[in-house]
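Structure file coords.txt (compact mmCIF, C-alpha atoms) is printed below.
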# COMPACT_ATOMS: atom_id res chain seq x y z
CA MET Z 26 -9.25 34.58 10.01
CA ILE Z 27 -11.66 34.22 12.94
CA SER Z 28 -14.48 33.17 10.62
CA ASN Z 29 -12.31 30.42 9.12
CA LYS Z 30 -11.46 29.11 12.59
CA VAL Z 31 -15.13 29.08 13.54
CA LYS Z 32 -16.00 27.33 10.28
CA ASN Z 33 -13.30 24.69 10.76
CA THR Z 34 -14.37 24.13 14.36
CA PHE Z 35 -17.97 23.73 13.24
CA LYS Z 36 -17.00 21.29 10.47
CA PHE Z 37 -15.04 19.23 12.99
CA PHE Z 38 -18.24 18.26 14.81
CA LEU Z 39 -20.16 17.49 11.62
CA PRO Z 40 -19.87 14.13 9.89
CA SER Z 41 -18.09 14.00 6.54
CA SER Z 42 -20.05 13.15 3.41
CA TYR Z 43 -18.66 9.62 3.53
CA GLN Z 44 -19.59 9.15 7.19
CA LEU Z 45 -23.08 10.52 6.49
CA LYS Z 46 -23.63 8.12 3.57
CA LEU Z 47 -22.32 5.24 5.66
CA SER Z 48 -24.71 6.09 8.51
CA VAL Z 49 -27.67 6.34 6.12
CA THR Z 50 -26.74 2.96 4.63
CA ASN Z 51 -26.57 1.32 8.05
CA ILE Z 52 -29.86 2.84 9.18
CA PHE Z 53 -31.58 1.74 5.96
CA THR Z 54 -30.38 -1.88 6.04
CA ARG Z 55 -31.08 -2.28 9.76
CA THR Z 56 -34.55 -0.83 9.34
CA VAL Z 57 -35.23 -3.30 6.52
CA PHE Z 58 -34.00 -6.12 8.75
CA ILE Z 59 -36.27 -5.09 11.62
CA LEU Z 60 -39.28 -4.82 9.28
CA PHE Z 61 -38.61 -8.28 7.86
CA VAL Z 62 -38.38 -9.76 11.35
CA TYR Z 63 -41.52 -7.94 12.53
CA ILE Z 64 -43.60 -8.99 9.51
CA SER Z 65 -42.33 -12.57 9.69
CA TYR Z 66 -43.31 -12.80 13.34
CA PHE Z 67 -46.94 -11.93 12.64
CA ILE Z 68 -47.12 -14.16 9.56
CA ILE Z 69 -45.84 -17.14 11.56
CA LEU Z 70 -48.09 -16.25 14.50
CA PHE Z 71 -51.19 -16.27 12.29
CA GLN Z 72 -50.26 -19.69 10.91
CA ILE Z 73 -50.14 -21.29 14.36
CA PRO Z 74 -53.53 -22.39 15.76
CA GLU Z 75 -54.68 -20.37 18.73
CA SER Z 76 -55.46 -23.52 20.66
CA MET Z 77 -51.83 -24.65 20.62
CA SER Z 78 -49.90 -24.29 23.86
CA TYR Z 79 -46.96 -21.87 23.98
CA ARG Z 80 -48.15 -20.29 20.73
CA LEU Z 81 -46.33 -16.94 21.23
CA GLU Z 82 -43.12 -18.60 22.33
CA LEU Z 83 -43.13 -20.92 19.31
CA ALA Z 84 -43.71 -17.99 16.94
CA LEU Z 85 -40.84 -16.08 18.53
CA LEU Z 86 -38.50 -19.09 18.26
CA LEU Z 87 -39.34 -19.68 14.58
CA THR Z 88 -38.87 -15.98 13.83
CA CYS Z 89 -35.43 -15.97 15.45
CA ALA Z 90 -34.46 -19.03 13.42
CA PHE Z 91 -35.59 -17.39 10.17
CA SER Z 92 -33.81 -14.17 11.08
CA LEU Z 93 -30.46 -15.79 11.85
CA ILE Z 94 -30.42 -18.35 9.03
CA LEU Z 95 -32.07 -16.39 6.22
CA TYR Z 96 -32.53 -12.67 6.84
CA LEU Z 97 -29.20 -11.80 8.48
CA PRO Z 98 -27.01 -13.13 5.61
CA LEU Z 99 -29.28 -11.42 3.06
CA ILE Z 100 -29.08 -8.09 4.89
CA GLU Z 101 -25.29 -8.34 5.16
CA ARG Z 102 -25.09 -9.03 1.43
CA LEU Z 103 -27.41 -6.09 0.72
CA THR Z 104 -25.21 -3.84 2.86
CA ARG Z 105 -22.07 -4.84 0.96
CA LEU Z 106 -23.85 -4.35 -2.35
CA ILE Z 107 -24.99 -0.82 -1.44
CA ARG Z 108 -21.57 0.17 -0.10
CA THR Z 109 -19.86 -1.16 -3.21
CA LYS Z 110 -22.21 0.75 -5.49
CA PHE Z 111 -22.46 4.08 -3.68
CA LEU Z 112 -19.44 4.31 -1.35
CA SER Z 113 -15.69 4.20 -1.80
CA GLU Z 114 -13.23 4.71 1.04
CA TYR Z 115 -10.46 5.12 -1.50
CA LEU Z 116 -12.05 8.24 -3.02
CA THR Z 117 -13.49 9.92 0.06
CA GLU Z 118 -12.35 13.26 1.41
CA ASP Z 119 -12.60 11.90 4.94
CA ALA Z 120 -8.96 11.57 6.02
CA GLU Z 121 -9.54 8.93 8.69
CA SER Z 122 -11.63 6.71 6.40
CA TYR Z 123 -9.05 7.07 3.64
CA ARG Z 124 -6.22 6.15 6.01
CA GLN Z 125 -8.06 3.00 7.10
CA ALA Z 126 -8.77 2.10 3.47
CA ILE Z 127 -5.11 2.50 2.52
CA LYS Z 128 -4.11 0.12 5.33
CA ARG Z 129 -6.36 -2.52 3.72
CA PHE Z 130 -5.08 -1.72 0.22
CA ASN Z 131 -3.78 -5.19 -0.68
CA PHE Z 132 -3.74 -7.05 -3.99
CA ASP Z 133 -7.27 -8.45 -3.58
CA ALA Z 134 -8.64 -5.01 -2.72
CA LEU Z 135 -6.98 -3.61 -5.85
CA ILE Z 136 -8.85 -6.09 -8.05
CA LYS Z 137 -12.21 -6.12 -6.28
CA ASN Z 138 -12.60 -2.54 -5.01
CA VAL Z 139 -10.05 -0.05 -6.29
CA PHE Z 140 -10.17 -1.03 -9.96
CA PRO Z 141 -13.97 -0.56 -10.24
CA ASP Z 142 -13.66 2.76 -8.38
CA MET Z 143 -11.05 3.96 -10.84
CA VAL Z 144 -13.33 3.14 -13.75
CA LYS Z 145 -16.33 4.80 -12.11
CA ILE Z 146 -14.64 8.13 -11.40
CA THR Z 147 -13.65 8.48 -15.07
CA GLY Z 148 -17.30 8.22 -16.10
CA SER Z 149 -16.50 5.19 -18.24
CA GLN Z 150 -18.83 2.29 -18.88
CA SER Z 151 -15.98 -0.15 -19.33
CA GLY Z 152 -12.36 -0.51 -18.29
CA THR Z 153 -9.45 -2.89 -18.45
CA MET Z 154 -6.64 -3.26 -15.95
CA ALA Z 155 -3.28 -4.93 -16.63
CA VAL Z 156 -1.31 -6.31 -13.68
CA LEU Z 157 2.30 -7.46 -13.83
CA THR Z 158 2.61 -11.11 -12.83
CA GLN Z 159 5.43 -12.99 -11.15
CA ASN Z 160 6.74 -14.34 -14.47
CA GLY Z 161 6.96 -10.91 -16.11
CA THR Z 162 3.80 -11.07 -18.24
CA PHE Z 163 0.61 -9.02 -17.74
CA ALA Z 164 -2.70 -10.45 -16.55
CA PHE Z 165 -5.82 -8.51 -17.61
CA HIS Z 166 -9.01 -7.84 -15.67
CA SER Z 167 -12.18 -6.38 -17.16
CA TYR Z 168 -15.06 -4.23 -15.89
CA PHE Z 169 -18.23 -3.46 -17.85
CA ARG Z 170 -21.24 -1.23 -17.07
CA GLY Z 171 -21.04 -1.37 -13.30
CA ARG Z 172 -21.02 -5.15 -13.07
CA GLN Z 173 -18.37 -5.68 -10.45
CA LYS Z 174 -19.15 -9.38 -10.18
CA LYS Z 175 -18.12 -9.82 -13.79
CA LEU Z 176 -14.50 -8.98 -12.95
CA SER Z 177 -12.46 -11.89 -14.25
CA PRO Z 178 -8.84 -12.35 -15.27
CA THR Z 179 -8.39 -13.28 -18.90
CA LYS Z 180 -5.45 -15.07 -20.47
CA ASP Z 181 -1.99 -13.53 -20.26
CA ILE Z 182 -1.45 -11.07 -23.12
CA VAL Z 183 1.94 -9.92 -24.28
CA VAL Z 184 2.34 -6.16 -23.83
CA LYS Z 185 4.86 -5.08 -26.46
CA THR Z 186 8.08 -3.41 -25.39
CA SER Z 187 7.28 -0.35 -27.49
CA PHE Z 188 3.94 0.06 -25.70
CA GLN Z 189 5.61 -0.28 -22.29
CA SER Z 190 8.15 2.39 -23.27
CA PHE Z 191 5.30 4.65 -24.38
CA LEU Z 192 3.56 4.28 -21.00
CA LEU Z 193 6.80 4.91 -19.08
CA ALA Z 194 7.29 8.10 -21.11
CA ASN Z 195 3.68 9.16 -20.37
CA ARG Z 196 3.62 8.48 -16.64
CA ASN Z 197 0.82 11.07 -16.13
CA GLY Z 198 -1.53 9.28 -18.50
CA ALA Z 199 -2.18 9.44 -22.23
CA SER Z 200 -5.27 9.76 -24.42
CA VAL Z 201 -5.84 8.16 -27.79
CA ALA Z 202 -5.54 11.60 -29.41
CA SER Z 203 -1.81 11.59 -28.70
CA THR Z 204 -1.28 8.31 -30.59
CA PHE Z 205 -2.61 9.22 -34.05
CA ALA Z 206 0.92 9.89 -35.30
CA ASN Z 207 2.08 6.47 -34.07
CA GLU Z 208 0.13 3.70 -35.75
CA ASN Z 209 1.47 0.87 -33.56
CA ILE Z 210 0.59 2.60 -30.29
CA ASN Z 211 -2.79 3.60 -31.68
CA ASN Z 212 -3.48 -0.06 -32.50
CA ASP Z 213 -2.64 -0.98 -28.90
CA PHE Z 214 -5.26 1.53 -27.71
CA MET Z 215 -7.81 0.09 -30.14
CA GLU Z 216 -7.09 -3.48 -28.99
CA LEU Z 217 -7.86 -2.43 -25.41
CA HIS Z 218 -10.97 -0.46 -26.51
CA ALA Z 219 -9.44 2.48 -24.64
CA ASN Z 220 -9.58 6.22 -25.09
CA TYR Z 221 -7.38 6.88 -22.07
CA ILE Z 222 -4.67 4.88 -20.27
CA TYR Z 223 -2.97 5.60 -16.94
CA PRO Z 224 0.15 3.56 -16.03
CA PHE Z 225 1.16 2.12 -12.64
CA ILE Z 226 4.83 3.06 -12.25
CA PHE Z 227 7.14 2.51 -9.29
CA ARG Z 228 10.88 3.22 -9.41
CA GLU Z 229 10.83 3.60 -13.19
CA LYS Z 230 9.28 0.17 -13.68
CA LEU Z 231 5.85 -0.51 -15.18
CA PHE Z 232 3.72 -2.67 -12.87
CA GLY Z 233 0.46 -2.31 -14.78
CA PHE Z 234 -2.03 0.19 -16.16
CA ILE Z 235 -5.73 0.99 -16.38
CA ALA Z 236 -7.43 1.60 -19.73
CA VAL Z 237 -10.87 3.28 -19.77
CA SER Z 238 -13.36 4.26 -22.46
CA ASN Z 239 -13.71 7.91 -21.39
CA ILE Z 240 -11.11 10.69 -21.21
CA PRO Z 241 -11.24 12.08 -17.63
CA ASN Z 242 -10.88 15.70 -16.54
CA SER Z 243 -7.95 17.10 -14.56
CA ASP Z 244 -9.53 16.49 -11.13
CA VAL Z 245 -10.16 12.84 -11.96
CA ILE Z 246 -6.63 12.46 -13.32
CA HIS Z 247 -5.30 13.70 -9.97
CA SER Z 248 -7.33 11.02 -8.15
CA LEU Z 249 -6.12 8.41 -10.63
CA SER Z 250 -2.51 9.40 -9.99
CA LEU Z 251 -2.89 8.77 -6.24
CA LEU Z 252 -4.54 5.39 -6.72
CA ALA Z 253 -2.15 4.39 -9.51
CA GLY Z 254 0.90 5.05 -7.34
CA GLN Z 255 -0.44 2.91 -4.52
CA SER Z 256 -1.51 0.23 -7.03
CA ALA Z 257 2.06 -0.02 -8.31
CA LEU Z 258 3.35 -0.47 -4.73
CA THR Z 259 0.73 -3.12 -4.05
CA ILE Z 260 1.59 -5.15 -7.16
CA HIS Z 261 5.29 -4.74 -6.38
CA ASN Z 262 4.87 -6.14 -2.84
CA HIS Z 263 2.58 -8.90 -4.10
CA ILE Z 264 5.30 -10.13 -6.46
CA LEU Z 265 7.89 -10.00 -3.68
CA SER Z 266 5.62 -11.94 -1.32
CA TYR Z 267 5.15 -14.58 -3.97
CA HIS Z 268 8.89 -15.01 -4.44
CA ILE Z 269 9.41 -15.31 -0.69
CA SER Z 270 6.73 -17.99 -0.29
CA GLU Z 271 8.07 -19.92 -3.27
CA ASN Z 272 11.56 -19.90 -1.82
CA LYS Z 273 10.91 -20.97 1.75
CA LYS Z 274 12.75 -24.20 0.99
CA TYR Z 275 15.65 -22.19 -0.43
CA GLN Z 276 15.00 -23.17 -4.05
CA LYS Z 277 16.68 -20.84 -6.54
CA GLU Z 278 17.50 -18.51 -3.65
CA ALA Z 279 20.53 -16.94 -5.34
CA GLU Z 280 18.65 -16.00 -8.53
CA TYR Z 281 15.68 -14.50 -6.72
CA ALA Z 282 17.83 -12.71 -4.13
CA VAL Z 283 19.74 -10.83 -6.82
CA ARG Z 284 16.59 -10.01 -8.78
CA VAL Z 285 14.61 -8.74 -5.81
CA GLN Z 286 17.58 -6.92 -4.33
CA ASN Z 287 18.22 -5.07 -7.59
CA LEU Z 288 14.53 -4.24 -7.81
CA LEU Z 289 14.35 -2.69 -4.35
CA GLU Z 290 17.81 -1.27 -3.68
CA THR Z 291 17.85 2.51 -4.03
CA GLY Z 292 20.00 3.45 -7.01
CA THR Z 293 20.88 6.92 -5.71
CA VAL Z 294 20.94 8.53 -2.29
CA PRO Z 295 18.93 11.74 -1.74
CA LYS Z 296 20.61 15.03 -2.62
CA LEU Z 297 20.18 17.18 0.48
CA LEU Z 298 21.54 20.71 0.76
CA GLY Z 299 24.91 20.72 2.51
CA TRP Z 300 25.14 16.92 2.76
CA GLU Z 301 27.47 14.50 1.00
CA ILE Z 302 26.24 10.92 1.43
CA THR Z 303 28.47 8.20 -0.02
CA PRO Z 304 27.33 4.54 -0.19
CA PHE Z 305 29.95 1.79 -0.41
CA LYS Z 306 29.74 -1.62 -2.04
CA ARG Z 307 26.81 -3.56 -0.65
CA THR Z 308 26.44 -7.29 0.05
CA ASN Z 309 23.43 -9.57 0.12
CA ARG Z 310 23.50 -9.32 3.94
CA ASN Z 311 23.26 -5.51 4.05
CA LEU Z 312 20.52 -3.40 2.52
CA ILE Z 313 20.01 0.36 2.72
CA GLU Z 314 16.91 2.46 2.14
CA PHE Z 315 16.33 6.25 2.26
CA PHE Z 316 12.82 7.65 2.62
CA GLN Z 317 10.75 10.53 4.00
CA VAL Z 318 8.20 10.27 6.81
CA GLU Z 319 4.95 12.14 7.39
CA ASP Z 320 6.51 15.49 8.38
CA GLY Z 321 8.97 15.47 5.44
CA SER Z 322 12.07 14.46 7.46
CA TRP Z 323 14.58 12.15 5.77
CA PHE Z 324 15.32 8.80 7.42
CA PHE Z 325 17.49 5.87 6.45
CA VAL Z 326 17.61 2.22 7.48
CA ILE Z 327 20.56 -0.16 7.29
CA LEU Z 328 19.44 -3.76 7.78
CA ASN Z 329 21.70 -6.76 8.37
CA ALA Z 330 20.56 -10.35 8.92
CA GLY Z 331 23.93 -11.58 10.12
CA LYS Z 332 23.96 -14.62 7.82
CA SER Z 333 25.42 -15.20 4.37
CA TYR Z 334 22.61 -17.29 2.84
CA GLN Z 335 21.60 -15.97 -0.56
CA HIS Z 336 17.90 -16.06 0.27
CA ILE Z 337 18.47 -13.41 2.95
CA GLY Z 338 18.56 -10.82 0.16
CA ILE Z 339 14.91 -11.60 -0.55
CA ILE Z 340 13.90 -11.25 3.10
CA LEU Z 341 15.70 -7.95 3.60
CA SER Z 342 14.49 -6.54 0.29
CA TYR Z 343 10.90 -7.35 1.14
CA ILE Z 344 11.15 -5.73 4.59
CA LEU Z 345 12.72 -2.54 3.25
CA GLY Z 346 10.08 -2.51 0.50
CA VAL Z 347 7.38 -2.57 3.18
CA VAL Z 348 9.10 0.30 5.03
CA TYR Z 349 9.43 2.33 1.84
CA SER Z 350 5.79 1.82 0.79
CA GLN Z 351 4.53 2.75 4.28
CA SER Z 352 6.62 5.92 4.17
CA ARG Z 353 5.14 6.87 0.77
CA LEU Z 354 1.67 6.53 2.31
CA LYS Z 355 2.70 8.90 5.14
CA LEU Z 356 1.98 6.21 7.75
CA LEU Z 357 5.40 6.46 9.43
CA LYS Z 358 6.14 9.31 11.84
CA GLY Z 359 9.49 8.53 13.47
CA PHE Z 360 11.91 6.06 14.98
CA SER Z 361 9.39 4.02 16.96
CA ASP Z 362 7.08 3.48 13.97
CA ILE Z 363 9.95 2.37 11.73
CA LYS Z 364 11.45 0.03 14.32
CA SER Z 365 8.07 -1.48 15.16
CA LEU Z 366 7.25 -2.03 11.48
CA ILE Z 367 10.56 -3.85 10.85
CA GLN Z 368 10.17 -6.05 13.92
CA THR Z 369 6.54 -6.89 13.04
CA THR Z 370 7.47 -7.80 9.47
CA PHE Z 371 10.24 -10.12 10.64
CA GLN Z 372 7.73 -11.84 12.94
CA LYS Z 373 5.22 -12.28 10.11
CA LEU Z 374 7.96 -13.96 8.07
CA ASP Z 375 8.68 -16.37 10.98
CA TRP Z 376 12.30 -15.22 11.00
CA LYS Z 377 14.09 -17.00 13.86
CA GLU Z 378 17.64 -15.74 13.30
CA ASN Z 379 19.22 -12.65 14.83
CA TYR Z 380 19.17 -9.40 12.88
CA GLU Z 381 20.68 -5.97 13.38
CA MET Z 382 19.80 -2.53 12.12
CA ILE Z 383 20.55 1.15 12.21
CA ILE Z 384 17.74 3.71 11.96
CA GLY Z 385 18.90 7.25 11.27
CA LYS Z 386 17.40 10.68 10.79
CA ILE Z 387 19.16 13.40 8.79
CA GLY Z 388 18.81 16.78 10.48
CA TYR Z 389 20.08 20.25 9.58
CA SER Z 390 23.72 19.63 10.47
CA GLU Z 391 23.44 16.55 12.66
CA LEU Z 392 22.47 12.90 12.56
CA TYR Z 393 20.10 11.15 14.96
CA ILE Z 394 20.85 7.42 15.10
CA ILE Z 395 19.52 4.35 16.89
CA GLN Z 396 21.83 1.34 16.69
CA GLU Z 397 20.65 -2.23 17.32
CA GLY Z 398 23.40 -4.87 17.23
CA LYS Z 399 27.12 -5.25 17.82
CA GLN Z 400 28.29 -5.66 14.22
CA PHE Z 401 27.80 -1.99 13.36
CA LYS Z 402 30.17 0.79 14.36
CA ILE Z 403 29.66 4.52 13.82
CA LEU Z 404 33.05 6.22 13.68
CA ARG Z 405 34.65 9.61 13.18
CA ASN Z 406 38.27 9.81 11.97
CA THR Z 407 38.32 5.98 11.66
CA GLU Z 408 38.77 5.55 15.44
CA GLU Z 409 36.37 7.65 17.52
CA VAL Z 410 33.11 5.77 18.28
CA VAL Z 411 30.30 8.36 18.34
CA ALA Z 412 27.18 6.24 19.02
CA SER Z 413 26.03 3.80 21.68
CA MET Z 414 23.77 0.80 21.18
CA GLY Z 415 20.16 1.01 22.27
CA TRP Z 416 20.10 4.79 22.65
CA LYS Z 417 19.00 7.61 20.40
CA ASN Z 418 22.30 9.32 19.60
CA MET Z 419 22.60 12.91 18.37
CA ILE Z 420 25.81 13.24 16.32
CA SER Z 421 26.98 16.74 15.40
CA MET Z 422 28.72 17.00 12.04
CA ASP Z 423 30.88 20.04 12.86
CA LYS Z 424 33.85 17.83 13.83
CA GLY Z 425 34.18 15.92 10.58
CA PRO Z 426 32.53 13.17 8.52
CA ILE Z 427 30.91 10.04 9.94
CA ILE Z 428 31.43 6.52 8.61
CA ILE Z 429 29.13 3.59 9.40
CA GLN Z 430 30.92 0.24 9.34
CA GLN Z 431 29.72 -3.33 9.52
CA ARG Z 432 32.36 -5.83 10.64
CA GLY Z 433 35.05 -3.34 9.73
CA GLU Z 434 33.74 -2.75 6.20
CA PRO Z 435 32.39 0.75 5.35
CA VAL Z 436 28.70 0.92 4.50
CA LEU Z 437 27.80 4.64 4.44
CA LYS Z 438 29.68 7.90 4.81
CA PHE Z 439 28.06 11.20 5.85
CA ASN Z 440 29.73 14.59 5.48
CA PHE Z 441 28.22 18.03 6.06
CA ILE Z 442 29.70 21.10 4.37
CA GLU Z 443 28.47 24.36 5.91
CA SER Z 444 29.73 26.51 3.04
CA GLU Z 445 27.24 24.98 0.61
CA LEU Z 446 24.39 26.62 2.51
CA LYS Z 447 25.67 30.15 1.89

What is this structure when it is put down as structure tokens?
Amino acid sequence: MISNKVKNTFKFFLPSSYQLKLSVTNIFTRTVFILFVYISYFIILFQIPESMSYRLELALLLTCAFSLILYLPLIERLTRLIRTKFLSEYLTEDAESYRQAIKRFNFDALIKNVFPDMVKITGSQSGTMAVLTQNGTFAFHSYFRGRQKKLSPTKDIVVKTSFQSFLLANRNGASVASTFANENINNDFMELHANYIYPFIFREKLFGFIAVSNIPNSDVIHSLSLLAGQSALTIHNHILSYHISENKKYQKEAEYAVRVQNLLETGTVPKLLGWEITPFKRTNRNLIEFFQVEDGSWFFVILNAGKSYQHIGIILSYILGVVYSQSRLKLLKGFSDIKSLIQTTFQKLDWKENYEMIIGKIGYSELYIIQEGKQFKILRNTEEVVASMGWKNMISMDKGPIIIQQRGEPVLKFNFIESELK
């Protein structure tokens, strides 16, 4: 036990393998830059006649000009090239580097950085990635023999319904060996030149997949599963962002609101020991999401925009989608993080209207609730108000169930039954 503590303490002061490689890369490129500048200075100095006035100053000025205009951009490009080829924040064991990489895990990063990394770790020379587009088709991107610059989307290809069903049924990946009995699926593998395919699935919906030429081992499959899950979330949020931007002028707001709302709204509430949680009929103004934070605690958010416009469903769905994805990445820790994330997202969307929300935490036999807004009421026995606005309220469940109302209409009901724990 003592030896493990000493070992962990010692490892804390040592750089991780990723940090070490990053430091070596920086030292190498900066050394090359200094050598280029130093050599250029003497070459320019020798070309200037000794009889010329201010000879040293002129050589220094010309060297600085060459360094800023020519050498600096080349060194920066060399640095990016080396990091792309030898480093990946998305596959490092360094927790802090991985956390920073995940924060930058957007749609562009998926195409340019994560996709090549996924192909590399499988030991494959080539790979193909399918990404669900806004119109429901799949766009394909290719990677071949380490040439990241050759990544290019091809034309939209129809992915057959039978193949999508196969991938949904094999959410942990499938090799070509498992398709020999099914000729149609085997032909799909052959068309993609794939020996192994891993799907991107979020909430039982296929958002894409990666097809590689090599069958990976179990450790690689575990890494693929982590990246595939985040890839599905990224594509999902990219589609939602597109719909929001396309509907800023309220075009087709009703159609998109229903579609996005159905996509994001949680179909079932969590089943927690001793708890009975009953959702009531929702409206486009109210959305509810349940999720877990970093320490495993269950939270819920009820969001209300206070208006009846159909496009509000899109806005609320997108915000709760952001909250849910951040919780899956273990980036949320409690009430303040959730509240700050919601407020920041509203600001990014330039939302000028009032909005209200309830953030709740489900404890052992109590609820912890923060209420923002006057439209919500948290009642016991249909009359007793048990929470105050602006404060963190601790509500014990030993006196009966709790009902959350919005403008007199029930939204959620919580009941705790002690006997179920015995």

Between CA of Ser238 (chain Z) and CA of Asp213 (chain Z), what is the distance in Å, rounded to a tenth? 13.6 Å

List as a PyMOL selection string the protein and nucleic acid residues near Asn209 (chain Z), meaning an atom at most 9 Å away when all atoms listed in the file are counted, but skip any in the same chain fewer than 4 places from it. chain Z and resi 187-188+204+213-214

Residues near Asn406 (chain Z), anyone? I mean within 8 Å using all atoms listed in the file, not counting same-chain ones fewer than 4 positions away, as a compact mmCIF listing (two decimals) with C-alpha atoms, in the frame of the given file.
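Output file part.txt follows:
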# COMPACT_ATOMS: atom_id res chain seq x y z
CA GLY Z 425 34.18 15.92 10.58
CA PRO Z 426 32.53 13.17 8.52
CA ILE Z 427 30.91 10.04 9.94

Could you tell me how far CA of Pro241 (chain Z) lies from CA of Leu106 (chain Z), in Å and to one decimal?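 One can read the CA of Pro241 (chain Z) to CA of Leu106 (chain Z) distance as 25.7 Å.
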
In Å, rounded to a single decimal, give me how far CA of Leu297 (chain Z) is from CA of Ser421 (chain Z).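 A separation of 16.4 Å between them.
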
Residues within 6 Å of region 407-418 of chain Z, please, as a PyMOL selection string. Count all atoms listed in the file; anything in the same chain fewer than 4 positions from it doesn't count. chain Z and resi 393-397+403

Taking 4 positions as the minimum chain separation for residues in the same chain, which residues sit within 12 Å of Phe67 (chain Z) when counting only C-alpha atoms? Answer as an mmCIF file with C-alpha atoms, in the coordinates of the input.
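Generated file (result-v7.cif):
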data_model
loop_
_atom_site.group_PDB
_atom_site.id
_atom_site.type_symbol
_atom_site.label_atom_id
_atom_site.label_comp_id
_atom_site.auth_asym_id
_atom_site.auth_seq_id
_atom_site.Cartn_x
_atom_site.Cartn_y
_atom_site.Cartn_z
ATOM 1 C CA LEU Z 60 -39.280 -4.820 9.280
ATOM 2 C CA PHE Z 61 -38.610 -8.280 7.860
ATOM 3 C CA VAL Z 62 -38.380 -9.760 11.350
ATOM 4 C CA TYR Z 63 -41.520 -7.940 12.530
ATOM 5 C CA PHE Z 71 -51.190 -16.270 12.290
ATOM 6 C CA GLN Z 72 -50.260 -19.690 10.910
ATOM 7 C CA ILE Z 73 -50.140 -21.290 14.360
ATOM 8 C CA ARG Z 80 -48.150 -20.290 20.730
ATOM 9 C CA LEU Z 81 -46.330 -16.940 21.230
ATOM 10 C CA LEU Z 83 -43.130 -20.920 19.310
ATOM 11 C CA ALA Z 84 -43.710 -17.990 16.940
ATOM 12 C CA LEU Z 85 -40.840 -16.080 18.530
ATOM 13 C CA LEU Z 87 -39.340 -19.680 14.580
ATOM 14 C CA THR Z 88 -38.870 -15.980 13.830
#

Can you pull out every residue within 10 Å of Asn131 (chain Z), counting all atoms listed in the file, but drop anything in the same chain fewer than 4 positions away, and send it as a compact mmCIF listing (two decimals) with C-alpha atoms, in the coordinates of the input?
# COMPACT_ATOMS: atom_id res chain seq x y z
CA ALA Z 126 -8.77 2.10 3.47
CA ILE Z 127 -5.11 2.50 2.52
CA LEU Z 135 -6.98 -3.61 -5.85
CA ILE Z 136 -8.85 -6.09 -8.05
CA VAL Z 139 -10.05 -0.05 -6.29
CA GLN Z 255 -0.44 2.91 -4.52
CA SER Z 256 -1.51 0.23 -7.03
CA LEU Z 258 3.35 -0.47 -4.73
CA THR Z 259 0.73 -3.12 -4.05
CA ILE Z 260 1.59 -5.15 -7.16
CA ASN Z 262 4.87 -6.14 -2.84
CA HIS Z 263 2.58 -8.90 -4.10

When you count all atoms listed in the file, which of these residues is closest to Val348 (chain Z): Z:Glu319, Z:Glu381, Z:Glu82, Z:Glu314?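 Among the listed residues, the smallest separation from Val348 (chain Z) belongs to Z:Glu314.
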
Pick the closest to Gln150 (chain Z) from Z:Leu437, Z:Ile240, Z:Leu374, Z:Leu392: which is it, counting only C-alpha atoms?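 Looking only at the distances to Gln150 (chain Z), the closest residue turns out to be Z:Ile240.
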
Of the candidates Z:Ala253, Z:Asn197, Z:Glu75, Z:Leu99, which one gets nearest to Phe58 (chain Z) if we count only C-alpha atoms?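 Under the stated criterion, the closest residue is Z:Leu99.
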